Amino acid sequence: MLNLDGLNEKQIEAVTSIDGYFRVIAGAGSGKTKALTHRYAYLVGEAGIPPRNILCVTFTNKAACEMKKRVKALVGKDCDTSLITTYHGFCARVLREDISGLFYPENFLILDTPDQKVILSEIYDRLNISLDFASYEDICLAIDIYKDDQSYVDYLVDPKAEIHPEKAKSLKEKIILNYLIGQKKIFGLDFNDLMYFTFALFKKKPEIKQKWQEQIQYILVDEFQDCSKREYRLINILSEVNKNLFVVGDPDQTIYGWRGADMKIIMDFDKKYPKTKTIMLNQNYRSTPEIIATANSLIANNKIRIEKELFSKLEPGVLPEHLHATDEKSEAEGIIKRIKALLNEGYRYSDIAILYRAAYVSRFIEQYFTKEGIPFEIFGSLRFFERMEIKDALAFLRLAAFGDDISFLRIINKPRRRMGKPKVVYLKELAAAHGGTLYENLKNHLGDEIFANTGAAQFVTLIEELRAKVDSVNPSVLLQLALLKSGYEEFIRKDGDMDRLDNIAELKRTVEVYQENYGEFLPLKVFLQQIAVGFDNEADDKRNFIKLMTIHAAKGLEFPAVFVCGMTEGIFPSSRTIEEWFQAGLEEERRLFYVAITRAKNKLYLTESEGIGANNQKTPSRFLFEINENLYTRTGRIPEELIRKTKKKAGISNKAETQTYQVGSSVLHPLFGEGIIESIDDKYKVYNVRFKKNGAIKSIRFDYVGLSQINNDTSSRLEESFLNFNL
DNA sequence: ATTTTCGAGATTTTT
DNA sequence: TCTCGAAAAT
């Protein structure tokens, strides 16, 4: 019998309601993950539903792993948690099983960002384009947009289909088309493709769609407030047959609007599914009443939201403190002083987190912490699987498994085999003439004079040896073999960078643990596809360090003591959202601050400083003045002038322009495209417009001349497209 | 005309 | 810290 002690009435309701549509609006620290994991355990243990029929989707791998761990603790170690996964992880799973329905080979290659860049650099080389034209990031973004309409899938999936880059209207388009050719050649799918291929598969093969719809009897979705339309479409399709959809989220914590998260999906969930039962989890079990009061006071300033008031029954603590310093140096010193006081109270370094809006803010903190000898660690810099040495090491395995050019190019001359650029060019010419991959061509032309005195033959021997064992030998053994025989590990050792060597060792360990957890024999191809969709590095260490991270990175975490530093107008809220007058943007900033505040369990410090010099004088964040001043204390005197300045900035609009369009009108914006006026804000003299492009609401000034009205049947189409994701 | 230097400004990040 | 653009120096 599942133990439900320690759950409140609302949580128990969320856990034990079985069939139908449920929306849990779960405030910060209200035991949302607890409810979710217990519900999973309840479905398995009390209702007898097999884990393979329950899909639990999370936003990140980190969250998925945490969930798996907690589910295993409740249900038992042997519980198959492979369907506790991310959206992309699930798509990869579907495709691994059924991509043949699209006539695509099942040994498709999943391309991460560095892989995409390799393809692009090839194209840049070939077309003689310099990076000045556009960065790879820019092009990746353009590719994302290009893929939005999904028609490209038909080209990738049809071996006979052709596209013609030479007919492209712009250089950018030419690059994009070349990218498509490049990925088709290696059967590579980037992260977007994983979703779009799944949609295409479901559309083309209704029987496969039905198979999955029937298998997935229950769906649990975490962090639903950050769900994008695309992700929602997937969930919607999957829940069509069994109609058991349980979503958890907190609209006040939507902080990924800029990435496509659409708050409207959770807010209008009950309209989309009229039978929805909504459960509110309002009791916070994390923070002191003082911290919760501060959070409530701040978030009440947002207009677009579902009203809810969080409460805490924990022991009263101390009021949050706002520290105003005259310059960065004294801001840092103030923080250090408070850290030392916390240590005296019995806190450990690892109990403390420093949060900030933008990564660069951490710099001055770092500087002073180093000087003071305070141990700290910055979170969320490079990701493990994107590190060069890890990508290189895995490239040997990928080449053995898939034979793709990307992996080939990564490692052909690492370590040096006298296989530099001229020889690679030669290979490319061969491949262009005879077809086939670079590796195949090398293998077939090993006798060519150009490869005499190179390590090419040895390289081919190694890859062939690996290839022969791909289906019978464990990935960890193959990795060991590759690292040893290629000389790569030696190469890194000689390089002298201990971090890199450590990472290689870490990789070996990770692979071993992974294949052990898998249970049965883990084929290399499956392994590579699984880790490509992401993997948590589970390096959650218990070392006694202060953690420095952006607020985005802190989402879902909690700390006994939290410092939010750089509370300066222009940094937080960021100058961009201020300048653009986008009320929706500003509201997202405010939610972000709300997330920051609610990370703190006992102590909360908000710090900020004036700038040095007259020109770049910094003013305190407007958010500080939005919180009821009785709810926090202030240290340091803020000059009257600065307060006036901030309030003036925050007051916005002095222009008394009049409104020309009505609520519900469709309008066209030169940059954002079509949109509908959702509401009108007289105070700020803006229209709140929901744009079709990414569904985000942006505020546009009454006096902005770029806006024009368009006819109304377009607008009804827009509404429909949101509510009905028909395949 | 071309290179160099200097200073100001900076989102946020996953898959 | 990193990057980008404008002014200064060759």
# chains A, B, ... in the order shown; residues from 1 in each chain; ligands from 1
call {"tool": "interface_residues", "arguments": {"of": "chain A", "to": "chain B", "cutoff": "10 Å", "atoms": "only C-alpha atoms (C1' of nucleotides)", "output": "number ranges by chain"}}
result
A: 59-61, 86-89, 112-113, 190-192, 194, 255-256, 258-259, 357-361, 380, 532-534, 550-553, 571-577, 589, 592, 616
call {"tool": "atom_distance", "arguments": {"atom1": "CA of Leu281 (chain A)", "atom2": "CA of Glu558 (chain A)"}}
result
17.8 Å
call {"tool": "atom_distance", "arguments": {"atom1": "CA of Pro289 (chain A)", "atom2": "CA of Asp250 (chain A)"}}
result
19.1 Å
call {"tool": "select_by_dssp", "arguments": {"residues": "region 471-529 of chain A", "states": "helix (DSSP H, G or I)", "output": "ChimeraX atom specification"}}
result
/A:475-485,488-495,498-518,524-529
call {"tool": "select_by_dssp", "arguments": {"residues": "region 155-373 of chain A", "states": "strand (DSSP E or B)", "output": "PyMOL selection string"}}
result
chain A and resi 188-190+218-221+228+245-249+261+277-281+283-284+311-312+321-325+352-356
call {"tool": "residues_around", "arguments": {"residues": "Gly76 (chain A)", "least_positions_apart": "5", "cutoff": "12 Å", "atoms": "only C-alpha atoms (C1' of nucleotides)", "output": "JSON list (two decimals) with N, CA, C and O atoms, in the first residue's frame"}}
result
[["chain", "number", "residue", "atom", "x", "y", "z"],
["A", 2, "LEU", "N", 0.62, 2.12, -0.92],
["A", 2, "LEU", "CA", 1.42, 3.35, -1.02],
["A", 2, "LEU", "C", 1.15, 4.25, 0.18],
["A", 2, "LEU", "O", 0.00, 4.52, 0.52],
["A", 41, "ALA", "N", 3.47, 6.40, -8.72],
["A", 41, "ALA", "CA", 3.53, 5.20, -7.89],
["A", 41, "ALA", "C", 2.13, 4.65, -7.62],
["A", 41, "ALA", "O", 1.92, 3.43, -7.59],
["A", 44, "VAL", "N", 0.88, 2.76, -10.66],
["A", 44, "VAL", "CA", 1.54, 1.47, -10.80],
["A", 44, "VAL", "C", 1.11, 0.53, -9.67],
["A", 44, "VAL", "O", 0.65, -0.59, -9.91],
["A", 45, "GLY", "N", 1.22, 1.02, -8.45],
["A", 45, "GLY", "CA", 1.03, 0.15, -7.29],
["A", 45, "GLY", "C", -0.43, -0.12, -6.96],
["A", 45, "GLY", "O", -0.82, -1.26, -6.70],
["A", 51, "PRO", "N", 4.27, 0.28, -16.01],
["A", 51, "PRO", "CA", 5.02, 1.50, -16.35],
["A", 51, "PRO", "C", 5.11, 1.77, -17.84],
["A", 51, "PRO", "O", 5.19, 2.92, -18.24],
["A", 68, "LYS", "N", 12.92, 9.83, -11.96],
["A", 68, "LYS", "CA", 13.17, 8.38, -12.00],
["A", 68, "LYS", "C", 13.63, 7.89, -10.64],
["A", 68, "LYS", "O", 13.17, 6.87, -10.13],
["A", 69, "LYS", "N", 14.55, 8.66, -10.08],
["A", 69, "LYS", "CA", 15.13, 8.26, -8.80],
["A", 69, "LYS", "C", 14.03, 8.16, -7.75],
["A", 69, "LYS", "O", 13.93, 7.19, -7.01],
["A", 70, "ARG", "N", 13.17, 9.19, -7.73],
["A", 70, "ARG", "CA", 12.14, 9.22, -6.69],
["A", 70, "ARG", "C", 11.07, 8.17, -6.93],
["A", 70, "ARG", "O", 10.53, 7.61, -5.98],
["A", 71, "VAL", "N", 10.77, 7.91, -8.19],
["A", 71, "VAL", "CA", 9.79, 6.86, -8.49],
["A", 71, "VAL", "C", 10.33, 5.51, -8.06],
["A", 71, "VAL", "O", 9.64, 4.70, -7.44],
["A", 81, "THR", "N", 11.60, 2.69, -15.85],
["A", 81, "THR", "CA", 11.29, 4.12, -15.88],
["A", 81, "THR", "C", 11.65, 4.76, -17.22],
["A", 81, "THR", "O", 11.80, 5.97, -17.31]]
call {"tool": "decode", "arguments": {"residues": "chain B", "atoms": "C-alpha atoms (C1' of nucleotides)", "output": "PDB file, in the first residue's frame"}}
result
ATOM      1  C1'  DA B   1      42.764  53.314 -46.504  1.00  0.00           C
ATOM      2  C1'  DT B   2      43.779  50.010 -43.210  1.00  0.00           C
ATOM      3  C1'  DT B   3      44.852  48.395 -38.909  1.00  0.00           C
ATOM      4  C1'  DT B   4      44.826  48.830 -33.992  1.00  0.00           C
ATOM      5  C1'  DT B   5      43.128  50.116 -29.741  1.00  0.00           C
ATOM      6  C1'  DC B   6      39.937  51.259 -26.471  1.00  0.00           C
ATOM      7  C1'  DG B   7      35.680  51.371 -24.045  1.00  0.00           C
ATOM      8  C1'  DA B   8      31.033  50.303 -23.447  1.00  0.00           C
ATOM      9  C1'  DG B   9      27.443  47.040 -23.278  1.00  0.00           C
ATOM     10  C1'  DA B  10      25.794  42.347 -22.490  1.00  0.00           C
ATOM     11  C1'  DT B  11      19.824  38.364 -21.798  1.00  0.00           C
ATOM     12  C1'  DT B  12      18.075  33.909 -20.370  1.00  0.00           C
ATOM     13  C1'  DT B  13      19.374  27.684 -22.456  1.00  0.00           C
ATOM     14  C1'  DT B  14      17.462  22.989 -23.359  1.00  0.00           C
ATOM     15  C1'  DT B  15      17.037  19.206 -26.396  1.00  0.00           C
TER      16       DT B  15
END
